[in-house]
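Here's start-v8.cif, which has mmCIF, C-alpha atoms:
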data_start
#
loop_
_atom_site.label_atom_id
_atom_site.label_comp_id
_atom_site.auth_asym_id
_atom_site.auth_seq_id
_atom_site.Cartn_x
_atom_site.Cartn_y
_atom_site.Cartn_z
CA MET A 17 115.29 -21.09 30.53
CA LEU A 18 114.86 -19.92 34.11
CA GLN A 19 112.87 -16.95 32.83
CA LYS A 20 110.58 -19.27 30.88
CA LYS A 21 110.10 -21.54 33.86
CA SER A 22 109.07 -18.71 36.16
CA THR A 23 106.66 -17.44 33.49
CA GLU A 24 105.04 -20.85 33.37
CA ILE A 25 104.76 -20.98 37.14
CA LEU A 26 103.14 -17.54 37.25
CA VAL A 27 100.69 -18.47 34.49
CA GLY A 28 99.85 -21.64 36.38
CA LEU A 29 99.21 -19.60 39.53
CA PHE A 30 97.05 -17.20 37.51
CA VAL A 31 94.88 -19.96 36.11
CA ALA A 32 94.62 -21.60 39.55
CA LEU A 33 93.64 -18.28 41.12
CA GLY A 34 90.94 -17.72 38.48
CA ILE A 35 89.51 -21.20 38.92
CA GLY A 36 89.72 -20.77 42.69
CA ALA A 37 87.72 -17.56 42.41
CA LEU A 38 85.07 -19.36 40.33
CA PHE A 39 85.03 -22.14 42.92
CA MET A 40 84.51 -19.62 45.68
CA LEU A 41 81.65 -18.02 43.73
CA ALA A 42 80.13 -21.47 43.36
CA MET A 43 80.46 -22.64 46.94
CA LYS A 44 80.39 -19.51 49.05
CA VAL A 45 78.30 -17.07 47.03
CA SER A 46 75.78 -19.09 45.04
CA ASN A 47 73.42 -21.88 45.99
CA LEU A 48 75.26 -24.63 44.12
CA ALA A 49 76.48 -26.16 47.36
CA ASP A 50 73.08 -27.08 48.82
CA PHE A 51 70.99 -29.80 47.32
CA SER A 52 69.27 -28.30 44.33
CA ASP A 53 67.92 -30.50 41.61
CA GLU A 54 68.69 -33.87 43.04
CA ARG A 55 66.07 -36.17 41.65
CA GLY A 56 63.56 -37.01 44.38
CA TYR A 57 59.91 -37.88 44.05
CA GLN A 58 57.23 -35.58 42.75
CA VAL A 59 53.87 -34.74 44.27
CA THR A 60 51.22 -32.34 43.00
CA ALA A 61 48.87 -29.96 44.73
CA GLN A 62 45.96 -27.87 43.44
CA PHE A 63 45.59 -24.31 44.65
CA GLN A 64 42.79 -21.83 44.01
CA ASN A 65 45.32 -19.03 43.84
CA ILE A 66 49.08 -19.29 44.02
CA GLY A 67 49.75 -15.56 44.39
CA GLY A 68 53.41 -14.89 43.61
CA LEU A 69 54.66 -18.48 43.82
CA LYS A 70 57.33 -19.25 41.23
CA VAL A 71 59.11 -22.27 39.83
CA ARG A 72 62.08 -23.07 42.14
CA SER A 73 60.33 -21.52 45.16
CA PRO A 74 61.19 -23.43 48.34
CA VAL A 75 58.90 -26.03 49.91
CA THR A 76 59.33 -26.30 53.66
CA MET A 77 58.07 -28.40 56.52
CA ALA A 78 58.34 -26.91 60.01
CA GLY A 79 60.61 -24.31 58.41
CA VAL A 80 63.08 -26.88 57.06
CA ARG A 81 63.39 -27.02 53.30
CA VAL A 82 62.26 -30.39 51.96
CA GLY A 83 61.87 -29.64 48.27
CA ARG A 84 61.32 -27.11 45.52
CA VAL A 85 58.49 -26.15 43.19
CA ALA A 86 59.22 -27.92 39.90
CA ALA A 87 56.37 -26.71 37.69
CA ILE A 88 53.25 -24.59 37.80
CA GLU A 89 50.41 -24.98 35.30
CA LEU A 90 46.74 -24.12 34.99
CA ASP A 91 44.36 -27.06 35.23
CA PRO A 92 42.11 -26.69 32.17
CA VAL A 93 39.13 -28.37 33.88
CA THR A 94 38.99 -26.84 37.33
CA TYR A 95 40.74 -23.57 36.44
CA SER A 96 42.92 -23.90 39.49
CA ALA A 97 46.70 -23.91 39.60
CA LYS A 98 48.41 -27.28 39.55
CA VAL A 99 51.76 -27.09 41.32
CA THR A 100 54.29 -29.91 40.94
CA ILE A 101 56.67 -30.22 43.88
CA ASN A 102 60.01 -31.96 43.65
CA MET A 103 60.62 -33.50 47.08
CA HIS A 104 64.11 -34.31 48.24
CA PRO A 105 64.57 -38.12 48.37
CA GLN A 106 65.79 -37.90 51.96
CA PHE A 107 62.28 -37.02 53.17
CA ASP A 108 60.42 -40.17 52.19
CA ASN A 109 58.26 -40.65 55.27
CA ILE A 110 55.82 -37.76 54.97
CA PRO A 111 52.19 -38.77 55.75
CA ALA A 112 49.82 -38.92 52.77
CA ASP A 113 47.27 -36.55 54.32
CA THR A 114 49.79 -33.73 54.68
CA SER A 115 48.36 -30.32 53.87
CA ALA A 116 50.05 -27.57 51.85
CA SER A 117 49.69 -23.82 52.33
CA ILE A 118 51.27 -20.90 50.52
CA PHE A 119 52.86 -18.40 52.88
CA THR A 120 54.95 -15.29 52.48
CA ALA A 121 58.40 -15.02 54.03
CA GLY A 122 58.35 -11.75 55.94
CA LEU A 123 55.98 -8.92 55.15
CA LEU A 124 56.95 -8.45 51.51
CA GLY A 125 59.24 -11.43 50.97
CA GLU A 126 58.97 -14.23 48.45
CA GLN A 127 56.26 -16.86 48.69
CA TYR A 128 56.85 -20.48 49.59
CA ILE A 129 54.85 -23.64 50.23
CA SER A 130 54.64 -24.83 53.80
CA LEU A 131 53.70 -28.46 54.45
CA ASP A 132 51.85 -29.48 57.61
CA ALA A 133 52.30 -33.14 58.50
CA GLY A 134 49.14 -35.22 58.80
CA ALA A 135 48.62 -38.37 60.81
CA ASP A 136 48.14 -40.96 58.06
CA ASP A 137 49.95 -44.29 58.24
CA PHE A 138 50.64 -44.20 54.52
CA TYR A 139 53.49 -42.12 53.17
CA LEU A 140 53.54 -39.83 50.15
CA ARG A 141 54.86 -41.47 47.02
CA ASP A 142 55.81 -40.34 43.53
CA GLY A 143 52.79 -38.95 41.68
CA ASP A 144 50.56 -38.48 44.73
CA GLU A 145 48.42 -35.41 45.16
CA LEU A 146 48.16 -33.28 48.27
CA MET A 147 44.41 -32.93 48.86
CA LEU A 148 44.35 -30.33 51.61
CA THR A 149 45.58 -27.01 50.31
CA GLN A 150 45.30 -23.41 51.33
CA SER A 151 45.75 -20.66 48.78
CA ALA A 152 48.04 -17.70 48.96
CA LEU A 153 46.87 -14.67 50.84
CA VAL A 154 46.38 -11.87 48.34
CA LEU A 155 46.95 -8.61 50.12
CA GLU A 156 44.36 -6.68 48.08
CA GLN A 157 41.65 -9.22 48.90
CA VAL A 158 42.45 -9.10 52.60
CA ILE A 159 42.36 -5.32 52.62
CA GLY A 160 39.12 -5.40 50.62
CA GLN A 161 37.51 -7.80 53.10
CA PHE A 162 38.75 -5.73 56.00
CA LEU A 163 37.33 -2.51 54.58
CA TYR A 164 34.05 -4.29 53.84
CA SER A 165 33.74 -5.62 57.39
CA VAL A 166 34.60 -2.21 58.84
CA ALA A 167 31.88 -0.65 56.71
CA GLU A 168 29.42 -3.34 57.85
CA GLY A 169 30.24 -2.73 61.50
CA ASN A 170 29.41 0.97 61.33
CA MET B 14 75.80 20.10 -0.86
CA ILE B 15 76.89 17.37 -3.23
CA GLY B 16 80.29 17.48 -1.57
CA PHE B 17 78.72 16.87 1.84
CA ILE B 18 76.72 13.88 0.61
CA ARG B 19 79.80 12.56 -1.11
CA SER B 20 81.90 12.79 2.05
CA LEU B 21 79.10 11.11 3.99
CA GLY B 22 79.09 8.29 1.45
CA ARG B 23 82.86 7.98 1.59
CA TRP B 24 82.70 7.78 5.37
CA GLY B 25 80.00 5.11 5.23
CA LEU B 26 81.87 3.04 2.66
CA GLY B 27 85.06 3.34 4.67
CA ALA B 28 83.31 2.17 7.84
CA LEU B 29 81.77 -0.80 6.01
CA GLU B 30 85.12 -1.71 4.52
CA ARG B 31 86.80 -1.63 7.91
CA LEU B 32 84.04 -3.77 9.34
CA GLY B 33 84.45 -6.28 6.54
CA ARG B 34 88.23 -6.38 6.92
CA GLY B 35 87.75 -6.86 10.64
CA HIS B 36 85.65 -9.94 10.04
CA VAL B 37 88.03 -11.39 7.46
CA PHE B 38 90.79 -10.82 10.03
CA LEU B 39 88.74 -12.62 12.68
CA MET B 40 88.17 -15.59 10.38
CA HIS B 41 91.91 -15.84 9.67
CA THR B 42 92.63 -15.69 13.40
CA LEU B 43 90.08 -18.37 14.23
CA ALA B 44 91.52 -20.56 11.49
CA GLY B 45 94.94 -20.14 13.11
CA LEU B 46 93.76 -21.31 16.53
CA PRO B 47 94.00 -25.12 16.06
CA GLY B 48 97.69 -24.84 15.19
CA LEU B 49 98.34 -23.47 18.67
CA PHE B 50 97.89 -26.88 20.25
CA LEU B 51 101.25 -27.77 18.77
CA ARG B 52 102.93 -24.72 20.28
CA PRO B 53 101.39 -24.01 23.69
CA ALA B 54 104.48 -22.04 24.78
CA LEU B 55 103.36 -19.13 22.59
CA VAL B 56 100.01 -18.98 24.38
CA ILE B 57 101.59 -19.27 27.83
CA GLN B 58 103.87 -16.34 27.08
CA GLN B 59 100.83 -14.24 26.14
CA LEU B 60 98.79 -15.47 29.10
CA PHE B 61 101.59 -14.06 31.21
CA SER B 62 101.59 -10.61 29.65
CA LEU B 63 97.79 -10.33 29.30
CA GLY B 64 96.57 -12.26 32.31
CA VAL B 65 99.16 -12.40 35.05
CA LEU B 66 100.16 -8.77 34.67
CA SER B 67 96.49 -7.69 34.86
CA VAL B 68 95.82 -9.54 38.10
CA ALA B 69 97.04 -6.73 40.36
CA ILE B 70 94.84 -4.00 38.87
CA VAL B 71 91.82 -6.31 38.76
CA LEU B 72 92.20 -7.44 42.36
CA ILE B 73 92.76 -3.94 43.74
CA SER B 74 89.86 -2.44 41.76
CA GLY B 75 87.62 -5.35 42.70
CA LEU B 76 88.41 -4.98 46.38
CA PHE B 77 87.58 -1.29 46.38
CA VAL B 78 84.46 -1.66 44.23
CA GLY B 79 83.22 -4.29 46.67
CA MET B 80 84.01 -2.10 49.67
CA VAL B 81 82.22 0.89 48.16
CA LEU B 82 79.22 -1.28 47.28
CA GLY B 83 79.12 -2.52 50.86
CA LEU B 84 79.24 0.99 52.27
CA GLN B 85 76.72 2.53 49.86
CA GLY B 86 74.40 -0.46 50.01
CA TYR B 87 74.45 -0.43 53.80
CA ASN B 88 73.55 3.25 53.97
CA THR B 89 70.54 2.68 51.70
CA LEU B 90 69.38 -0.63 53.15
CA VAL B 91 69.62 0.46 56.78
CA ASP B 92 66.74 2.91 56.18
CA PHE B 93 64.48 -0.05 55.48
CA GLY B 94 65.90 -2.18 58.26
CA ALA B 95 67.14 -4.59 55.59
CA GLU B 96 70.89 -4.28 56.10
CA GLU B 97 71.13 -8.06 56.38
CA SER B 98 70.39 -8.21 52.64
CA LEU B 99 73.67 -6.45 51.90
CA GLY B 100 75.21 -9.77 50.86
CA VAL B 101 72.56 -10.31 48.19
CA LEU B 102 72.88 -6.79 46.88
CA VAL B 103 76.65 -7.05 46.59
CA SER B 104 76.82 -10.55 45.17
CA LEU B 105 74.15 -9.99 42.53
CA SER B 106 75.51 -6.65 41.37
CA LEU B 107 79.06 -7.99 41.21
CA VAL B 108 78.36 -11.35 39.64
CA ARG B 109 75.81 -10.15 37.11
CA GLU B 110 77.08 -6.73 36.10
CA LEU B 111 80.09 -5.13 37.69
CA GLY B 112 82.37 -8.15 37.59
CA PRO B 113 82.25 -8.73 33.82
CA VAL B 114 81.80 -5.10 32.75
CA VAL B 115 84.37 -3.36 34.95
CA THR B 116 86.89 -6.14 34.40
CA ALA B 117 86.40 -5.85 30.65
CA LEU B 118 86.89 -2.07 30.78
CA LEU B 119 90.04 -2.51 32.86
CA PHE B 120 91.21 -5.29 30.55
CA ALA B 121 90.68 -3.06 27.52
CA GLY B 122 92.69 -0.30 29.16
CA ARG B 123 95.46 -2.44 30.61
CA ALA B 124 95.87 -5.31 28.13
CA GLY B 125 93.96 -4.21 25.02
CA SER B 126 95.91 -0.99 24.55
CA ALA B 127 99.18 -2.86 25.08
CA LEU B 128 98.17 -5.42 22.44
CA THR B 129 97.35 -2.71 19.91
CA ALA B 130 100.56 -0.82 20.56
CA GLU B 131 102.64 -4.01 20.33
CA VAL B 132 101.09 -5.27 17.13
CA GLY B 133 100.96 -1.78 15.63
CA LEU B 134 104.63 -1.26 16.33
CA MET B 135 105.44 -4.67 14.85
CA LYS B 136 103.63 -3.56 11.73
CA SER B 137 105.26 -0.14 11.49
CA THR B 138 108.74 -1.59 12.02
CA GLU B 139 107.89 -4.11 9.30
CA GLN B 140 108.37 -7.13 11.52
CA LEU B 141 105.07 -8.54 10.26
CA SER B 142 106.08 -8.22 6.61
CA GLY B 143 109.47 -9.62 7.57
CA MET B 144 107.75 -12.73 8.88
CA GLU B 145 105.77 -13.03 5.68
CA MET B 146 109.03 -12.87 3.74
CA MET B 147 110.23 -15.86 5.78
CA ALA B 148 107.01 -17.70 4.95
CA VAL B 149 105.80 -17.41 8.56
CA ASP B 150 102.14 -16.46 8.74
CA PRO B 151 102.08 -13.49 11.16
CA ILE B 152 98.42 -14.16 11.97
CA ARG B 153 99.23 -17.67 13.13
CA ARG B 154 102.48 -16.75 14.84
CA VAL B 155 101.62 -13.37 16.40
CA ILE B 156 97.88 -12.77 16.40
CA ALA B 157 96.32 -16.16 17.19
CA PRO B 158 98.22 -16.82 20.48
CA ARG B 159 97.35 -13.34 21.71
CA PHE B 160 93.73 -13.83 20.78
CA LEU B 161 93.46 -17.15 22.59
CA ALA B 162 95.25 -15.78 25.66
CA GLY B 163 92.88 -12.80 25.89
CA PHE B 164 89.91 -15.07 25.43
CA ILE B 165 91.07 -17.31 28.29
CA SER B 166 92.19 -14.55 30.66
CA MET B 167 89.02 -12.46 30.68
CA PRO B 168 86.64 -14.94 32.41
CA LEU B 169 89.31 -15.80 34.98
CA LEU B 170 89.95 -12.14 35.72
CA ALA B 171 86.22 -11.42 35.98
CA ALA B 172 85.76 -14.29 38.44
CA MET B 173 88.63 -12.92 40.53
CA PHE B 174 87.06 -9.46 40.46
CA SER B 175 83.69 -10.74 41.68
CA ALA B 176 85.22 -12.95 44.37
CA ILE B 177 87.48 -10.25 45.78
CA GLY B 178 84.61 -7.76 45.58
CA VAL B 179 82.42 -9.99 47.74
CA ILE B 180 85.28 -10.30 50.20
CA GLY B 181 85.71 -6.50 50.21
CA ALA B 182 82.01 -6.01 50.92
CA PHE B 183 82.26 -8.60 53.70
CA ILE B 184 85.20 -6.75 55.26
CA VAL B 185 83.24 -3.49 55.26
CA GLY B 186 79.88 -5.01 56.16
CA HIS B 187 81.01 -7.36 58.89
CA GLY B 188 84.19 -5.70 60.12
CA LEU B 189 83.26 -2.04 59.94
CA LEU B 190 79.47 -1.91 60.08
CA GLY B 191 78.79 -4.98 62.19
CA ILE B 192 76.39 -6.94 59.99
CA ASP B 193 75.89 -10.48 61.23
CA GLU B 194 78.24 -12.87 59.45
CA GLY B 195 75.73 -15.71 59.13
CA ALA B 196 72.97 -13.53 57.69
CA PHE B 197 75.38 -11.98 55.19
CA TRP B 198 76.46 -15.32 53.68
CA SER B 199 73.21 -17.24 54.02
CA GLN B 200 71.09 -14.53 52.37
CA MET B 201 73.66 -14.34 49.61
CA GLN B 202 73.59 -18.08 49.07
CA THR B 203 69.81 -18.39 48.97
CA LYS B 204 69.35 -15.56 46.47
CA THR B 205 72.32 -16.04 44.14
CA ASP B 206 71.75 -18.77 41.61
CA TRP B 207 74.69 -20.67 40.13
CA TYR B 208 73.25 -21.05 36.64
CA GLY B 209 71.05 -17.97 36.47
CA ASP B 210 73.48 -15.48 37.96
CA VAL B 211 77.07 -16.73 38.17
CA MET B 212 77.13 -18.61 34.87
CA ASN B 213 75.47 -15.77 33.00
CA GLY B 214 78.15 -13.46 34.34
CA VAL B 215 80.78 -15.90 33.12
CA ILE B 216 79.15 -15.97 29.66
CA LYS B 217 79.22 -12.18 29.61
CA SER B 218 82.90 -12.10 30.50
CA ILE B 219 83.72 -14.65 27.78
CA VAL B 220 81.90 -12.54 25.18
CA PHE B 221 83.64 -9.37 26.37
CA GLY B 222 87.03 -11.08 26.31
CA PHE B 223 86.40 -12.19 22.72
CA VAL B 224 85.31 -8.74 21.57
CA VAL B 225 87.97 -6.71 23.38
CA THR B 226 90.82 -8.92 22.18
CA TRP B 227 89.45 -8.91 18.65
CA ILE B 228 89.16 -5.11 18.56
CA ALA B 229 92.61 -4.61 20.10
CA LEU B 230 94.38 -6.99 17.71
CA TYR B 231 92.54 -5.72 14.65
CA GLU B 232 93.27 -2.08 15.44
CA GLY B 233 96.94 -2.96 15.84
CA TYR B 234 97.05 -5.05 12.69
CA ASP B 235 95.19 -2.42 10.69
CA ALA B 236 97.04 0.60 12.13
CA THR B 237 98.62 3.17 9.84
CA PRO B 238 102.32 2.22 10.09
CA THR B 239 103.53 5.50 11.60
CA SER B 240 104.06 6.51 15.20
CA GLU B 241 100.98 8.73 14.97
CA GLY B 242 98.96 5.89 13.47
CA VAL B 243 99.88 3.51 16.28
CA GLY B 244 98.91 6.16 18.83
CA ARG B 245 95.55 6.66 17.16
CA ALA B 246 94.96 2.93 16.92
CA THR B 247 95.61 2.57 20.65
CA THR B 248 93.10 5.29 21.45
CA ARG B 249 90.56 3.70 19.11
CA THR B 250 91.01 0.35 20.84
CA VAL B 251 90.06 1.77 24.22
CA VAL B 252 87.16 3.84 22.87
CA HIS B 253 85.71 1.13 20.63
CA SER B 254 86.14 -1.53 23.31
CA ALA B 255 84.25 0.60 25.82
CA PHE B 256 81.41 1.14 23.33
CA ALA B 257 81.29 -2.53 22.44
CA ILE B 258 81.37 -3.68 26.07
CA LEU B 259 78.62 -1.38 27.27
CA GLY B 260 76.43 -1.92 24.20
CA LEU B 261 76.83 -5.69 24.27
CA ASP B 262 76.22 -5.66 28.01
CA PHE B 263 72.76 -4.26 27.41
CA VAL B 264 72.01 -6.81 24.71
CA LEU B 265 73.27 -9.74 26.81
CA THR B 266 71.42 -8.54 29.90
CA ALA B 267 68.20 -8.20 27.92
CA LEU B 268 68.67 -11.71 26.50
CA MET B 269 69.62 -13.43 29.74
CA PHE B 270 67.86 -11.57 32.56
CA GLY B 271 65.13 -9.46 30.94
CA ASP B 272 61.88 -10.77 29.57
CA ILE B 273 62.23 -8.85 26.33
#
Can I see the file as structure tokens?
Amino acid sequence: MLQKKSTEILVGLFVALGIGALFMLAMKVSNLADFSDERGYQVTAQFQNIGGLKVRSPVTMAGVRVGRVAAIELDPVTYSAKVTINMHPQFDNIPADTSASIFTAGLLGEQYISLDAGADDFYLRDGDELMLTQSALVLEQVIGQFLYSVAEGN
Amino acid sequence: MIGFIRSLGRWGLGALERLGRGHVFLMHTLAGLPGLFLRPALVIQQLFSLGVLSVAIVLISGLFVGMVLGLQGYNTLVDFGAEESLGVLVSLSLVRELGPVVTALLFAGRAGSALTAEVGLMKSTEQLSGMEMMAVDPIRRVIAPRFLAGFISMPLLAAMFSAIGVIGAFIVGHGLLGIDEGAFWSQMQTKTDWYGDVMNGVIKSIVFGFVVTWIALYEGYDATPTSEGVGRATTRTVVHSAFAILGLDFVLTALMFGDI
């Protein structure tokens, strides 16, 4: 009986250890702990070129993350990219004339959307569109322009 | 010439027959699973011998795999000035690949071979037929609890392996090589996705646990009832499990991470 009891205790410890390891993977290793898909409000923005922006890319304001990219689709009329941003509900006082730009984190890092606060008295609400946008910098284009201007200068 | 073709045919038919018997065996085992809810003690006993006794080897291997990853990754990343990304490198390789695969290989060696030897010996000493004589279904009484226990243990062991591996890499990276603690964890957390990376690793480990336990039990149940037969069956368990794990790993990776 004692033998059986200690077996059960050890099995219980084993299961607890395994679940604890999963919990550590969730909280310490992966991004489950920070706010991820909490339902906020959605705004859209049209970009000429989104470069390497992906769904779930971060959206930041002054470097602080305020949301994530929820969807990217091609507008069939203007042939520009329509990006849907899922804003965290906590940030509900962002001016309506805020502008959005696509930047790259580091030299070769991933791309993200940076929001620049405007001065409007009205705040962004669900379904609004960000009018002022700046496309991603495509390295090849920049190099092309640079080479062109160098050639012009000579 | 005809003899060669004939032996080839015999080999093919034999392989097909074994495969078929293996699936019939699996169906019988799965049918025996619901009955285990009435007798959880059987499963707990097997969880002890398959799971608890494998913890030590899994934790020690995981710690050293993580430490080696930390050391090797640091030496490569430092050339690019990206040693802060060590956390990402370690967590993604452990959670996606090494955790499930290495744990499954260890599990096949440590627990799978023991299962085959145990069941094979039960068969060769006619304990299984003895049970049948007493109207006890050996599949329900012997095989099903072991199957369920293996199926439960594998994901838990794989999670332990990944977690201890990350800790090992942290010990080497932070303690020995002086990587900043904050950068190590924060980079890891931003790049490792719970659903895309951790959960897919868990799915892999569940599939591996299923396959390894199935192979081990079937080889034992189907072993030639001699001491030589049991020995061969044990070898086959380890070899076939390794093939199945690595082959399935490619298929699962292609399905879950690749855009194939």
Taking only C-alpha atoms into account, report as a list of chain:residue names which residues of chain B lie within 7 Å of chain A. B:Ile57, B:Leu60, B:Phe61, B:Val65, B:Ser104, B:Leu169, B:Leu170, B:Ala172, B:Met173, B:Ala176, B:Met201, B:Gln202, B:Thr203, B:Thr205, B:Asp206, B:Trp207
Care to translate the PyMOL selection byres ((chain A and resi 135) around 9) into actual residues of this file, as a VMD selection string? chain A and resid 111 to 114 133 to 134 136 to 138
Keeping only C-alpha atoms, write those residues as a PDB file, in the coordinates of the input.
ATOM      1  CA  PRO A 111      52.190 -38.770  55.750  1.00  0.00           C
ATOM      2  CA  ALA A 112      49.820 -38.920  52.770  1.00  0.00           C
ATOM      3  CA  ASP A 113      47.270 -36.550  54.320  1.00  0.00           C
ATOM      4  CA  THR A 114      49.790 -33.730  54.680  1.00  0.00           C
ATOM      5  CA  ALA A 133      52.300 -33.140  58.500  1.00  0.00           C
ATOM      6  CA  GLY A 134      49.140 -35.220  58.800  1.00  0.00           C
ATOM      7  CA  ASP A 136      48.140 -40.960  58.060  1.00  0.00           C
ATOM      8  CA  ASP A 137      49.950 -44.290  58.240  1.00  0.00           C
ATOM      9  CA  PHE A 138      50.640 -44.200  54.520  1.00  0.00           C
TER      10      PHE A 138
END
Residue by residue, what does the PyMOL selection byres ((chain B and resi 164) around 8) grab here? Present the result as a list of chain:residue names.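 So the PyMOL selection byres ((chain B and resi 164) around 8), applied here, picks out B:Phe160, B:Leu161, B:Ala162, B:Gly163, B:Ile165, B:Ser166, B:Met167, B:Pro168, B:Ile219, B:Gly222, B:Phe223, B:Thr226.
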Tell me which residues the PyMOL selection byres ((chain A and resi 147-149) around 10) grabs here, as a PDB file with C-alpha atoms, in the frame of the given file.
ATOM      1  CA  THR A  60      51.220 -32.340  43.000  1.00  0.00           C
ATOM      2  CA  ALA A  61      48.870 -29.960  44.730  1.00  0.00           C
ATOM      3  CA  GLN A  62      45.960 -27.870  43.440  1.00  0.00           C
ATOM      4  CA  PHE A  63      45.590 -24.310  44.650  1.00  0.00           C
ATOM      5  CA  GLN A  64      42.790 -21.830  44.010  1.00  0.00           C
ATOM      6  CA  ALA A 112      49.820 -38.920  52.770  1.00  0.00           C
ATOM      7  CA  ASP A 113      47.270 -36.550  54.320  1.00  0.00           C
ATOM      8  CA  THR A 114      49.790 -33.730  54.680  1.00  0.00           C
ATOM      9  CA  SER A 115      48.360 -30.320  53.870  1.00  0.00           C
ATOM     10  CA  ALA A 116      50.050 -27.570  51.850  1.00  0.00           C
ATOM     11  CA  SER A 117      49.690 -23.820  52.330  1.00  0.00           C
ATOM     12  CA  ILE A 118      51.270 -20.900  50.520  1.00  0.00           C
ATOM     13  CA  ILE A 129      54.850 -23.640  50.230  1.00  0.00           C
ATOM     14  CA  SER A 130      54.640 -24.830  53.800  1.00  0.00           C
ATOM     15  CA  LEU A 131      53.700 -28.460  54.450  1.00  0.00           C
ATOM     16  CA  ASP A 132      51.850 -29.480  57.610  1.00  0.00           C
ATOM     17  CA  GLY A 134      49.140 -35.220  58.800  1.00  0.00           C
ATOM     18  CA  ASP A 144      50.560 -38.480  44.730  1.00  0.00           C
ATOM     19  CA  GLU A 145      48.420 -35.410  45.160  1.00  0.00           C
ATOM     20  CA  LEU A 146      48.160 -33.280  48.270  1.00  0.00           C
ATOM     21  CA  GLN A 150      45.300 -23.410  51.330  1.00  0.00           C
ATOM     22  CA  SER A 151      45.750 -20.660  48.780  1.00  0.00           C
ATOM     23  CA  ALA A 152      48.040 -17.700  48.960  1.00  0.00           C
TER      24      ALA A 152
END
Check the smallest atom-to-atom distance from each of B:Met135, B:Val91, B:Val155, B:Leu51 to Thr239 in chain B using only C-alpha atoms, then report the winner. B:Met135
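Atom pair CA of Phe17 in chain B / CA of Glu30 in chain B has a distance of 19.8 Å (rounded to one decimal).
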Which residues come within 7 Å of Ile110 in chain A, counting all atoms listed in the file, excluding same-chain residues fewer than 3 positions away, as a ChimeraX atom specification? /A:107,133,139-140
Dump C-alpha atoms for the selected residues as a CSV table (one decimal), keeping the file's coordinate frame?
chain,number,residue,atom,x,y,z
A,107,PHE,CA,62.3,-37.0,53.2
A,133,ALA,CA,52.3,-33.1,58.5
A,139,TYR,CA,53.5,-42.1,53.2
A,140,LEU,CA,53.5,-39.8,50.2
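The coordinates place CA of Val71 in chain A at 24.8 Å from CA of Val158 in chain A.
CA of Ser98 in chain B is found 6.4 Å from CA of Gln200 in chain B.
Nearest residue to Ser218 in chain B among B:Arg52, B:Arg109, B:Lys136, B:Arg123 is B:Arg109, counting all atoms listed in the file.
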List as a tab-separated table every residue of range 152-263 of chain B that is in contact with range 47-50 of chain B, defined as an atom at most 10 Å from one of its atoms (using only C-alpha atoms), together with the nearest atom pair and the distance in Å rounded to one decimal, sorted by chain and then rising number.
residue	atom	partner	partner_atom	distance
B:Arg153	CA	B:Gly48	CA	7.6
B:Arg154	CA	B:Leu49	CA	8.8
B:Ala157	CA	B:Leu49	CA	7.7
B:Pro158	CA	B:Leu49	CA	6.9
B:Leu161	CA	B:Leu49	CA	8.9
Got time to write the residues from that selection, C-alpha atoms, as an mmCIF file, keeping the file's coordinate frame?
data_model
loop_
_atom_site.group_PDB
_atom_site.id
_atom_site.type_symbol
_atom_site.label_atom_id
_atom_site.label_comp_id
_atom_site.auth_asym_id
_atom_site.auth_seq_id
_atom_site.Cartn_x
_atom_site.Cartn_y
_atom_site.Cartn_z
ATOM 1 C CA ARG B 153 99.230 -17.670 13.130
ATOM 2 C CA ARG B 154 102.480 -16.750 14.840
ATOM 3 C CA ALA B 157 96.320 -16.160 17.190
ATOM 4 C CA PRO B 158 98.220 -16.820 20.480
ATOM 5 C CA LEU B 161 93.460 -17.150 22.590
#
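Proximity to Gly67 in chain A was assessed for A:Gln127, A:Phe162, A:Pro92, A:Gln157 counting all atoms listed in the file; the smallest distance is recorded for A:Gln127.
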